[in-house]
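Novice: structure.cif (mmCIF, C-alpha atoms) pasted underneath:
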```cif
data_work
#
loop_
_atom_site.label_atom_id
_atom_site.label_comp_id
_atom_site.auth_asym_id
_atom_site.auth_seq_id
_atom_site.Cartn_x
_atom_site.Cartn_y
_atom_site.Cartn_z
CA MET K 1 77.13 84.75 153.19
CA LEU K 2 76.14 84.97 149.54
CA SER K 3 72.99 86.67 150.65
CA LEU K 4 74.91 89.38 152.51
CA LEU K 5 76.80 90.08 149.32
CA SER K 6 73.73 90.15 147.08
CA ASP K 7 73.17 93.89 147.28
CA THR K 8 76.61 95.25 147.69
CA SER K 9 80.22 94.31 147.88
CA LEU K 10 81.52 94.13 151.38
CA TYR K 11 84.79 94.61 153.00
CA ALA K 12 86.05 91.38 154.52
CA PHE K 13 86.02 92.53 158.11
CA ASP K 14 82.50 93.90 157.91
CA LEU K 15 81.29 90.82 156.11
CA VAL K 16 82.68 88.58 158.82
CA ARG K 17 81.25 90.76 161.57
CA ARG K 18 77.81 90.83 160.04
CA LEU K 19 77.81 87.09 159.64
CA SER K 20 78.86 86.54 163.20
CA GLU K 21 76.18 88.92 164.39
CA ALA K 22 73.48 86.95 162.61
CA ASP K 23 72.32 84.91 165.54
CA GLY K 24 73.91 81.52 165.96
CA MET K 25 75.51 81.40 162.53
CA VAL K 26 79.16 81.58 163.44
CA ILE K 27 81.12 80.41 166.42
CA SER K 28 84.56 81.38 165.27
CA GLU K 29 84.92 84.37 162.96
CA GLY K 30 88.22 83.08 161.67
CA THR K 31 86.56 80.03 160.12
CA ILE K 32 84.69 82.31 157.71
CA TYR K 33 87.89 83.02 155.80
CA PRO K 34 88.40 79.44 154.60
CA LEU K 35 84.75 79.47 153.55
CA LEU K 36 85.24 82.70 151.60
CA SER K 37 88.28 81.16 149.99
CA ARG K 38 86.19 78.21 148.86
CA LEU K 39 83.48 80.47 147.42
CA ARG K 40 86.21 82.29 145.52
CA ARG K 41 87.53 79.03 144.09
CA GLU K 42 84.00 78.00 143.14
CA GLY K 43 83.79 81.25 141.23
CA TRP K 44 80.82 82.48 143.25
CA VAL K 45 82.59 85.39 144.83
CA SER K 46 85.18 87.79 143.51
CA THR K 47 87.60 89.92 145.44
CA THR K 48 88.87 93.36 144.65
CA TRP K 49 91.40 95.45 146.43
CA ALA K 50 90.64 99.00 147.33
CA GLU K 51 92.71 101.62 149.05
CA SER K 52 91.34 102.65 152.37
CA VAL K 53 91.57 106.00 154.02
CA GLU K 54 93.05 104.49 157.10
CA GLY K 55 95.39 101.51 157.20
CA PRO K 56 96.33 99.03 154.50
CA PRO K 57 94.35 98.33 151.28
CA ARG K 58 91.22 96.33 151.88
CA ARG K 59 89.86 93.28 150.21
CA TYR K 60 86.26 93.61 149.08
CA TYR K 61 84.06 90.67 148.25
CA ALA K 62 81.28 90.71 145.67
CA LEU K 63 78.97 88.14 144.12
CA THR K 64 79.75 86.95 140.62
CA PRO K 65 76.89 86.07 138.20
CA ALA K 66 77.51 82.40 139.07
CA GLY K 67 77.25 83.29 142.74
CA GLU K 68 73.93 85.04 142.12
CA ARG K 69 72.57 81.95 140.38
CA ALA K 70 73.76 79.77 143.25
CA LEU K 71 72.09 82.08 145.72
CA ALA K 72 68.83 82.06 143.78
CA ALA K 73 68.88 78.26 143.56
CA PHE K 74 69.63 77.92 147.25
CA THR K 75 66.93 80.41 148.19
CA ALA K 76 64.35 78.45 146.21
CA ASP K 77 65.53 75.13 147.66
CA TRP K 78 65.54 76.51 151.15
CA ARG K 79 62.00 77.87 150.89
CA ARG K 80 60.78 74.54 149.55
CA PHE K 81 62.55 72.69 152.36
CA ARG K 82 61.24 75.10 154.97
CA ASP K 83 57.67 74.80 153.69
CA ALA K 84 57.93 71.02 153.63
CA VAL K 85 59.16 70.92 157.22
CA ASP K 86 56.53 73.43 158.31
CA ALA K 87 53.85 71.27 156.74
CA LEU K 88 55.06 68.22 158.64
CA LEU K 89 55.50 69.83 162.04
CA PRO K 90 52.47 70.39 164.24
CA GLU K 91 51.17 73.93 164.33
CA GLU K 92 52.58 76.08 167.05
CA ALA K 93 50.22 76.51 169.96
CA THR K 94 50.67 80.26 170.12
CA MET W 95 103.63 99.53 177.32
CA THR W 96 100.10 98.69 176.24
CA ASN W 97 101.27 98.56 172.65
CA SER W 98 103.83 95.88 173.35
CA THR W 99 101.27 93.79 175.19
CA VAL W 100 98.89 94.10 172.26
CA ASP W 101 101.65 93.24 169.80
CA ARG W 102 102.59 90.23 171.83
CA LEU W 103 98.99 89.04 171.92
CA VAL W 104 98.64 89.43 168.16
CA ASN W 105 101.99 87.84 167.40
CA HIS W 106 101.29 84.96 169.71
CA TYR W 107 97.96 84.36 167.98
CA LEU W 108 99.49 84.50 164.50
CA THR W 109 102.30 82.15 165.52
CA ARG W 110 99.78 79.65 166.84
CA LEU W 111 97.81 79.93 163.62
CA ASP W 112 100.92 79.48 161.51
CA ASP W 113 101.96 76.43 163.51
CA ALA W 114 98.52 74.89 163.26
CA ALA W 115 98.34 75.60 159.52
CA GLN W 116 101.34 73.46 158.56
CA ALA W 117 99.01 70.86 157.06
CA VAL W 118 97.36 73.43 154.77
CA PRO W 119 98.87 73.64 151.24
CA PRO W 120 101.37 76.53 151.07
CA ASP W 121 99.39 78.86 148.81
CA ARG W 122 96.27 78.48 150.91
CA ARG W 123 98.22 78.90 154.10
CA ILE W 124 99.74 82.20 152.94
CA GLU W 125 96.31 83.39 151.84
CA LEU W 126 94.71 82.41 155.12
CA LEU W 127 97.39 84.06 157.23
CA SER W 128 97.23 87.28 155.25
CA GLU W 129 93.44 87.37 155.56
CA ILE W 130 93.59 86.91 159.30
CA ARG W 131 96.31 89.56 159.50
CA GLU W 132 94.10 91.95 157.55
CA HIS W 133 91.19 91.13 159.81
CA ILE W 134 93.26 92.00 162.86
CA ALA W 135 94.64 95.17 161.27
CA ALA W 136 91.17 96.26 160.20
CA SER W 137 89.82 95.70 163.65
CA MET W 138 92.58 97.71 165.27
CA SER W 139 92.52 100.59 162.79
CA GLY W 140 88.79 100.96 162.42
CA GLY W 141 88.25 103.09 165.50
CA ARG W 142 87.14 99.99 167.35
CA GLY W 143 89.98 100.40 169.76
CA ALA W 144 93.36 98.83 169.94
CA ASP W 145 93.62 98.53 173.69
CA GLU W 146 94.35 95.22 175.26
CA LEU W 147 90.76 94.38 176.11
CA ALA W 148 89.51 95.17 172.61
CA VAL W 149 92.27 93.09 171.04
CA ARG W 150 91.63 90.15 173.36
CA THR W 151 87.94 90.25 172.53
CA MET W 152 88.71 90.44 168.83
CA LEU W 153 91.05 87.44 169.00
CA ASP W 154 88.48 85.50 171.00
CA ARG W 155 85.92 86.17 168.33
CA LEU W 156 88.32 85.02 165.65
CA GLY W 157 88.40 81.72 167.48
CA ASP W 158 90.88 78.98 168.14
CA PRO W 159 93.52 78.74 165.38
CA ALA W 160 92.96 74.98 165.34
CA ASP W 161 89.29 75.53 164.42
CA ILE W 162 90.21 77.90 161.60
CA VAL W 163 92.74 75.41 160.23
CA ALA W 164 90.21 72.59 160.53
CA ALA W 165 87.80 74.65 158.43
CA ALA W 166 90.54 75.31 155.88
CA LEU W 167 91.37 71.61 155.61
CA GLU W 168 87.73 70.59 155.52
CA ASP W 169 86.96 72.30 152.24
CA ASN W 170 90.18 71.28 150.58
CA PRO W 171 89.79 67.66 149.55
CA LEU W 172 93.09 67.68 147.69
CA ALA W 173 95.06 68.49 150.80
CA PRO W 174 96.82 65.62 152.52
CA PRO W 175 94.26 64.36 155.02
CA SER W 176 94.89 64.97 158.68
CA ASN W 177 94.51 61.26 159.38
CA PRO W 178 97.62 59.48 158.13
CA GLY W 179 97.46 56.77 155.52
CA PRO W 180 94.54 55.30 153.67
CA SER W 181 91.78 54.05 155.89
CA LEU W 182 91.91 50.34 156.45
CA GLY W 183 88.15 49.96 156.62
CA ARG W 184 87.86 50.56 152.89
CA ARG W 185 88.19 46.93 151.89
CA PRO W 186 85.04 46.00 150.05
CA GLY W 187 82.98 43.64 152.14
CA ILE W 188 81.57 40.35 151.01
CA GLY W 189 78.36 40.74 152.98
CA LEU W 190 76.30 40.13 149.85
CA GLU W 191 78.22 36.96 149.05
CA VAL W 192 77.94 35.63 152.60
CA GLY W 193 74.23 36.37 152.48
CA ALA W 194 73.93 34.53 149.19
CA VAL W 195 75.55 31.31 150.35
CA VAL W 196 73.72 31.37 153.68
CA MET W 197 70.39 31.71 151.92
CA LEU W 198 71.29 29.02 149.37
CA THR W 199 72.04 26.51 152.13
CA VAL W 200 70.48 27.13 155.55
CA GLY W 201 68.09 29.72 154.13
CA SER W 202 66.49 27.12 151.87
CA LEU W 203 64.79 25.71 154.95
CA ILE W 204 62.52 28.75 155.06
CA PRO W 205 59.96 29.52 152.35
CA HIS W 206 61.49 31.41 149.39
CA GLY W 207 64.86 31.46 151.17
CA TRP W 208 66.62 29.64 148.37
CA PHE W 209 65.25 32.02 145.75
CA VAL W 210 66.54 34.98 147.73
CA GLY W 211 69.91 33.23 147.76
CA VAL W 212 69.84 32.85 143.98
CA ILE W 213 69.03 36.52 143.50
CA LEU W 214 71.89 37.51 145.79
CA LEU W 215 74.18 35.05 144.03
CA TRP W 216 73.49 36.53 140.61
CA SER W 217 73.68 40.14 141.79
CA SER W 218 77.20 39.71 143.10
CA GLY W 219 80.00 41.00 140.94
CA LEU W 220 82.59 38.74 142.50
CA TRP W 221 81.61 35.46 140.89
CA ARG W 222 81.96 34.26 137.35
CA ARG W 223 78.96 33.11 135.38
CA SER W 224 80.03 29.46 135.65
CA GLU W 225 80.28 29.75 139.41
CA LYS W 226 76.83 31.30 139.61
CA LEU W 227 75.44 28.47 137.50
CA LEU W 228 77.12 25.95 139.76
CA GLY W 229 75.69 27.63 142.86
CA THR W 230 72.22 27.63 141.30
CA LEU W 231 72.15 24.15 139.82
CA ILE W 232 74.07 22.13 142.38
CA VAL W 233 70.80 21.48 144.22
CA PRO W 234 67.91 23.43 142.69
CA GLY W 235 65.67 24.47 145.50
CA GLY W 236 68.45 23.96 147.98
CA PRO W 237 68.89 21.33 150.65
CA GLY W 238 65.66 22.45 152.28
CA LEU W 239 63.48 21.60 149.30
CA ALA W 240 65.45 18.42 148.66
CA LEU W 241 64.95 17.32 152.27
CA PHE W 242 61.22 17.96 152.27
CA GLY W 243 60.85 16.53 148.80
CA GLY W 244 62.98 13.51 149.68
CA ALA W 245 61.07 12.80 152.85
CA ALA W 246 57.75 13.04 151.04
CA ALA W 247 58.96 10.85 148.17
CA THR W 248 60.39 8.21 150.50
CA SER W 249 57.22 7.81 152.50
CA TRP W 250 55.13 7.85 149.35
CA LEU W 251 57.33 5.29 147.57
CA GLY W 252 57.54 3.13 150.64
CA ALA W 253 53.80 3.06 150.96
CA ALA W 254 53.07 2.62 147.27
CA GLN W 255 55.44 -0.20 146.42
CA PRO W 256 54.48 -3.47 148.06
CA CYS W 257 57.31 -5.86 148.65
CA VAL W 258 57.28 -9.14 146.84
CA GLY W 259 59.26 -12.09 148.12
CA PRO W 260 59.36 -14.98 150.54
CA VAL W 261 58.65 -13.00 153.68
CA THR W 262 55.88 -10.62 152.67
CA SER W 263 52.36 -11.02 154.10
CA THR W 264 52.16 -8.97 157.23
CA ILE W 265 54.99 -6.51 157.01
CA SER W 266 54.63 -5.69 153.37
CA GLY W 267 55.01 -2.09 152.44
CA GLN W 268 57.30 -1.16 155.29
CA ILE W 269 60.72 0.31 154.78
CA VAL W 270 62.25 -2.08 157.34
CA THR W 271 61.64 -4.91 154.95
CA PRO W 272 64.85 -6.97 154.41
CA ALA W 273 66.57 -6.14 151.17
CA GLN W 274 66.57 -9.66 149.84
CA ALA W 275 62.86 -9.78 150.42
CA CYS W 276 61.99 -6.74 148.34
CA THR W 277 64.17 -6.35 145.31
CA GLY W 278 62.06 -3.49 143.99
CA SER W 279 62.20 -1.03 146.83
CA GLY W 280 65.21 -2.48 148.57
CA LEU W 281 67.54 -0.16 146.76
CA ALA W 282 65.51 2.89 147.71
CA PRO W 283 66.80 3.34 151.27
CA ALA W 284 70.46 3.09 150.23
CA LEU W 285 69.87 5.39 147.31
CA GLY W 286 67.92 7.72 149.56
CA VAL W 287 70.76 7.95 152.05
CA ALA W 288 73.25 8.69 149.30
CA LEU W 289 70.97 11.33 147.83
CA LEU W 290 70.40 12.79 151.26
CA LEU W 291 74.10 13.07 151.89
CA PHE W 292 74.60 14.63 148.48
CA VAL W 293 71.93 17.30 148.88
CA LEU W 294 73.26 18.16 152.30
CA ILE W 295 76.96 18.15 151.62
CA ALA W 296 77.27 19.31 148.02
CA PRO W 297 75.67 22.74 148.54
CA ILE W 298 77.87 23.29 151.59
CA VAL W 299 81.01 22.37 149.67
CA VAL W 300 79.99 24.63 146.81
CA ALA W 301 79.18 27.41 149.27
CA ILE W 302 82.64 27.15 150.83
CA VAL W 303 84.31 27.19 147.41
CA LEU W 304 82.26 30.21 146.30
CA LEU W 305 83.01 32.12 149.49
CA ASN W 306 86.71 31.42 149.25
CA ARG W 307 86.83 32.69 145.69
CA ALA W 308 84.87 35.83 146.63
CA ARG W 309 87.27 36.49 149.48
CA GLY W 310 90.26 35.97 147.25
CA ARG W 311 88.89 38.48 144.76
CA THR W 312 88.18 41.20 147.32
CA ALA W 313 91.77 40.84 148.51
CA LEU W 314 92.88 41.64 144.98
CA VAL W 315 90.44 44.51 144.54
CA GLY W 316 91.14 45.98 147.98
CA PRO W 317 93.77 48.65 148.68
#
```
Output the structure of this file as structure tokens.

Specialist:
Amino acid sequence: MLSLLSDTSLYAFDLVRRLSEADGMVISEGTIYPLLSRLRREGWVSTTWAESVEGPPRRYYALTPAGERALAAFTADWRRFRDAVDALLPEEAT
Amino acid sequence: MTNSTVDRLVNHYLTRLDDAAQAVPPDRRIELLSEIREHIAASMSGGRGADELAVRTMLDRLGDPADIVAAALEDNPLAPPSNPGPSLGRRPGIGLEVGAVVMLTVGSLIPHGWFVGVILLWSSGLWRRSEKLLGTLIVPGGPGLALFGGAAATSWLGAAQPCVGPVTSTISGQIVTPAQACTGSGLAPALGVALLLFVLIAPIVVAIVLLNRARGRTALVGP
């Protein structure tokens, strides 16, 4: 989720849709909102309201500097973890 | 016609969510409901279609209100937990203490068993220093060592000390020698039995006392 926000701020609905379209990441789109709320409380994500052409004002989410650091740390950890697991697993036979 | 069906679907969903979200703290509940409302409004206004099928699909994708509420409660440790009351399994165990007394008594029959018991005894936080000293010194080496040592000493003493007295000659040196016949070693069997009883019983008594105290203290520490 942080990664989706790294380049641009996203409108809540689009953010949720893009997450749910990333294969196998989300079962219930509604559960993303509590997660977003937590990221907001952690100070990793900020929200801004913007008027929309159609319908009510929309809530946009963007990464805060703390969120960017968290994303960078996670990315590094994840790569290390992935490499470690790859090194342990037998090579694919393809 | 279609509009009222769609409204009913949406309202029904929001009502279910609101009902399920009673356990969520009020501010978070309001926030969650408004976010889901916005999600629904955005979906219906964004040219994605507001017909019944589109709305049903959208609500399906949102998921079961109970799942959303579970996610909201999950990351909110300050919220009252969904399971009522403090868990009863929290009482600190006395596994370490049981292990210690078992190793100090029965465990002393196996090599190094008694030393393991001493280490466990001293690593427990439930006993006072004096109690740990008692547990250690009541029978150093434990009943196991005392039994082996005692048996070895008895046979060695019995063989080494010849009996002197009126009826000696052929049966000298045997433990079955009558007491009045061997004043020197005659006391040894009686003393041996007393010592044997002591090394067997004392550690067990101490173990029971130590365990009882440990149990009493966890009851105080526990919830």

Novice: Could you produce a table of the residues of chain W lying within 10 Å of chain K, with the nearest pair of atoms per residue and their separation in Å rounded to one decimal, using only C-alpha atoms, ordered by chain and increasing residue number, as a tab-separated table?

Specialist:
```
residue	atom	partner	partner_atom	distance
W:Arg122	CA	K:Ser37	CA	8.5
W:Arg123	CA	K:Pro34	CA	9.8
W:Glu125	CA	K:Ser37	CA	8.5
W:Leu126	CA	K:Tyr33	CA	6.9
W:Leu127	CA	K:Tyr33	CA	9.7
W:Glu129	CA	K:Tyr33	CA	7.1
W:Ile130	CA	K:Gly30	CA	7.0
W:Glu132	CA	K:Arg58	CA	7.7
W:His133	CA	K:Phe13	CA	5.6
W:Ile134	CA	K:Phe13	CA	8.7
W:Ala135	CA	K:Gly55	CA	7.6
W:Ala136	CA	K:Phe13	CA	6.7
W:Ser137	CA	K:Phe13	CA	7.4
W:Met138	CA	K:Gly55	CA	9.4
W:Ser139	CA	K:Gly55	CA	6.4
W:Gly140	CA	K:Glu54	CA	7.7
W:Gly141	CA	K:Glu54	CA	9.8
W:Met152	CA	K:Glu29	CA	9.3
W:Leu153	CA	K:Gly30	CA	9.0
W:Asp154	CA	K:Ser28	CA	8.1
W:Arg155	CA	K:Glu29	CA	5.8
W:Leu156	CA	K:Glu29	CA	4.4
W:Gly157	CA	K:Ser28	CA	4.4
W:Asp158	CA	K:Ser28	CA	7.3
W:Pro159	CA	K:Gly30	CA	7.8
W:Ala160	CA	K:Thr31	CA	9.7
W:Asp161	CA	K:Thr31	CA	6.8
W:Ile162	CA	K:Thr31	CA	4.5
W:Val163	CA	K:Thr31	CA	7.7
W:Ala164	CA	K:Thr31	CA	8.3
W:Ala165	CA	K:Thr31	CA	5.8
W:Ala166	CA	K:Pro34	CA	4.8
W:Leu167	CA	K:Pro34	CA	8.4
W:Glu168	CA	K:Pro34	CA	8.9
W:Asp169	CA	K:Arg38	CA	6.9
W:Asn170	CA	K:Arg38	CA	8.2
```

Novice: Figure out the distance between CA of Leu198 in chain W and CA of Gly235 in chain W, please, to one decimal in Å.

Specialist: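 A separation of 8.2 Å between them.
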
Novice: Which distance in Å separates CA of Glu42 in chain K and CA of Arg82 in chain K, to one decimal?

Specialist: 25.8 Å

Novice: In Å, with one decimal, what is the gap from CA of Val196 in chain W to CA of Leu291 in chain W?

Specialist: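 Between CA of Val196 in chain W and CA of Leu291 in chain W the gap is 18.4 Å.
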
Novice: Using all atoms listed in the file for the distances, tell me which of W:Arg150, W:Ala240, W:Leu190, W:Trp221 is nearest to Thr99 in chain W.

Specialist: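 Checking each of W:Arg150, W:Ala240, W:Leu190, W:Trp221 against Thr99 in chain W, counting all atoms listed in the file, the winner is W:Arg150.
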
Novice: Closest to Glu68 in chain K among K:Ala22, K:Val85, K:Val45, K:Leu15, using only C-alpha atoms?

Specialist: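 Result for the nearest residue to Glu68 in chain K: K:Val45.
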
Novice: Output the residue selection produced by the PyMOL selection byres ((chain W and resi 304) around 10) on the file above, formatted as a tab-separated table (two decimals) with C-alpha atoms, in the frame of the given file.

Specialist:
```tsv
chain	number	residue	atom	x	y	z
W	191	GLU	CA	78.22	36.96	149.05
W	192	VAL	CA	77.94	35.63	152.60
W	194	ALA	CA	73.93	34.53	149.19
W	195	VAL	CA	75.55	31.31	150.35
W	215	LEU	CA	74.18	35.05	144.03
W	220	LEU	CA	82.59	38.74	142.50
W	221	TRP	CA	81.61	35.46	140.89
W	222	ARG	CA	81.96	34.26	137.35
W	225	GLU	CA	80.28	29.75	139.41
W	226	LYS	CA	76.83	31.30	139.61
W	228	LEU	CA	77.12	25.95	139.76
W	229	GLY	CA	75.69	27.63	142.86
W	298	ILE	CA	77.87	23.29	151.59
W	299	VAL	CA	81.01	22.37	149.67
W	300	VAL	CA	79.99	24.63	146.81
W	301	ALA	CA	79.18	27.41	149.27
W	302	ILE	CA	82.64	27.15	150.83
W	303	VAL	CA	84.31	27.19	147.41
W	305	LEU	CA	83.01	32.12	149.49
W	306	ASN	CA	86.71	31.42	149.25
W	307	ARG	CA	86.83	32.69	145.69
W	308	ALA	CA	84.87	35.83	146.63
W	309	ARG	CA	87.27	36.49	149.48
W	310	GLY	CA	90.26	35.97	147.25
```

Novice: For Ala144 in chain W, which residue among W:Val104, W:Arg131, W:Gly201, W:Val210 is the nearest when counting all atoms listed in the file?

Specialist: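 For Ala144 in chain W, the nearest of the candidates is W:Val104.
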
Novice: Here is a test: counting all atoms listed in the file, which residue of W:Ser218, W:Gly236, W:Asp145, W:Ala115 is nearest to Gly187 in chain W?

Specialist: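 Result for the nearest residue to Gly187 in chain W: W:Ser218.
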
Novice: With 12 Å as the threshold, what does the neighbourhood of (89.5, 91.9, 139.6) contain in terms of residues, counting only C-alpha atoms? Coordinates are those of the file; answer as a list in words.

Specialist: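 Selection result: Arg40, Val45, Ser46, Thr47, Thr48, Trp49, Ala50, Arg59, Tyr60, Tyr61, Ala62 and Thr64 of chain K.
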
Novice: Please list as a PyMOL selection string every residue within 10 Å of Ser3 in chain K, counting all atoms listed in the file and excluding residues in the same chain fewer than 5 positions away.

Specialist: chain K and resi 8+63+67-68+71-72+74-75

Novice: Could those residues be written to a file, using C-alpha atoms, as a CSV table (one decimal), keeping the file's coordinate frame?

Specialist:
```csv
chain,number,residue,atom,x,y,z
K,8,THR,CA,76.6,95.2,147.7
K,63,LEU,CA,79.0,88.1,144.1
K,67,GLY,CA,77.2,83.3,142.7
K,68,GLU,CA,73.9,85.0,142.1
K,71,LEU,CA,72.1,82.1,145.7
K,72,ALA,CA,68.8,82.1,143.8
K,74,PHE,CA,69.6,77.9,147.2
K,75,THR,CA,66.9,80.4,148.2
```

Novice: With distances taken over only C-alpha atoms, which residue among W:Arg110, W:Gly238, W:Pro283, W:Thr312 lies nearest Pro205 in chain W?

Specialist: W:Gly238

Novice: Complete the atoms of range 33-48 of chain K to N, CA, C and O atoms and put them out as a short mmCIF file (atom, residue, chain, number, x, y, z; two decimals), in the coordinates of the input.

Specialist:
```cif
data_model
loop_
_atom_site.label_atom_id
_atom_site.label_comp_id
_atom_site.auth_asym_id
_atom_site.auth_seq_id
_atom_site.Cartn_x
_atom_site.Cartn_y
_atom_site.Cartn_z
N TYR K 33 86.92 82.77 156.87
CA TYR K 33 87.89 83.02 155.80
C TYR K 33 88.12 81.79 154.91
O TYR K 33 88.13 81.93 153.69
N PRO K 34 88.30 80.62 155.49
CA PRO K 34 88.40 79.44 154.60
C PRO K 34 87.15 79.25 153.74
O PRO K 34 87.24 78.85 152.59
N LEU K 35 86.00 79.59 154.30
CA LEU K 35 84.75 79.47 153.55
C LEU K 35 84.74 80.46 152.38
O LEU K 35 84.38 80.11 151.25
N LEU K 36 85.15 81.70 152.66
CA LEU K 36 85.24 82.70 151.60
C LEU K 36 86.20 82.24 150.51
O LEU K 36 85.95 82.43 149.32
N SER K 37 87.29 81.64 150.94
CA SER K 37 88.28 81.16 149.99
C SER K 37 87.66 80.10 149.08
O SER K 37 87.92 80.05 147.88
N ARG K 38 86.83 79.26 149.67
CA ARG K 38 86.19 78.21 148.86
C ARG K 38 85.22 78.83 147.86
O ARG K 38 85.18 78.43 146.69
N LEU K 39 84.43 79.81 148.33
CA LEU K 39 83.48 80.47 147.42
C LEU K 39 84.23 81.13 146.27
O LEU K 39 83.76 81.14 145.13
N ARG K 40 85.40 81.65 146.56
CA ARG K 40 86.21 82.29 145.52
C ARG K 40 86.65 81.24 144.50
O ARG K 40 86.61 81.45 143.31
N ARG K 41 87.08 80.07 145.01
CA ARG K 41 87.53 79.03 144.09
C ARG K 41 86.37 78.46 143.28
O ARG K 41 86.55 78.01 142.15
N GLU K 42 85.18 78.46 143.89
CA GLU K 42 84.00 78.00 143.14
C GLU K 42 83.61 79.01 142.08
O GLU K 42 82.77 78.72 141.24
N GLY K 43 84.15 80.20 142.17
CA GLY K 43 83.79 81.25 141.23
C GLY K 43 82.48 81.96 141.59
O GLY K 43 81.86 82.59 140.76
N TRP K 44 82.08 81.85 142.83
CA TRP K 44 80.82 82.48 143.25
C TRP K 44 81.05 83.89 143.79
O TRP K 44 80.13 84.68 143.90
N VAL K 45 82.27 84.14 144.18
CA VAL K 45 82.59 85.39 144.83
C VAL K 45 83.89 85.91 144.21
O VAL K 45 84.76 85.13 143.86
N SER K 46 83.93 87.22 144.01
CA SER K 46 85.18 87.79 143.51
C SER K 46 85.73 88.77 144.54
O SER K 46 84.99 89.30 145.36
N THR K 47 87.01 88.96 144.49
CA THR K 47 87.60 89.92 145.44
C THR K 47 88.25 91.05 144.65
O THR K 47 88.80 90.84 143.58
N THR K 48 88.16 92.21 145.21
CA THR K 48 88.87 93.36 144.65
C THR K 48 89.57 94.08 145.78
O THR K 48 89.13 94.03 146.94
#
```
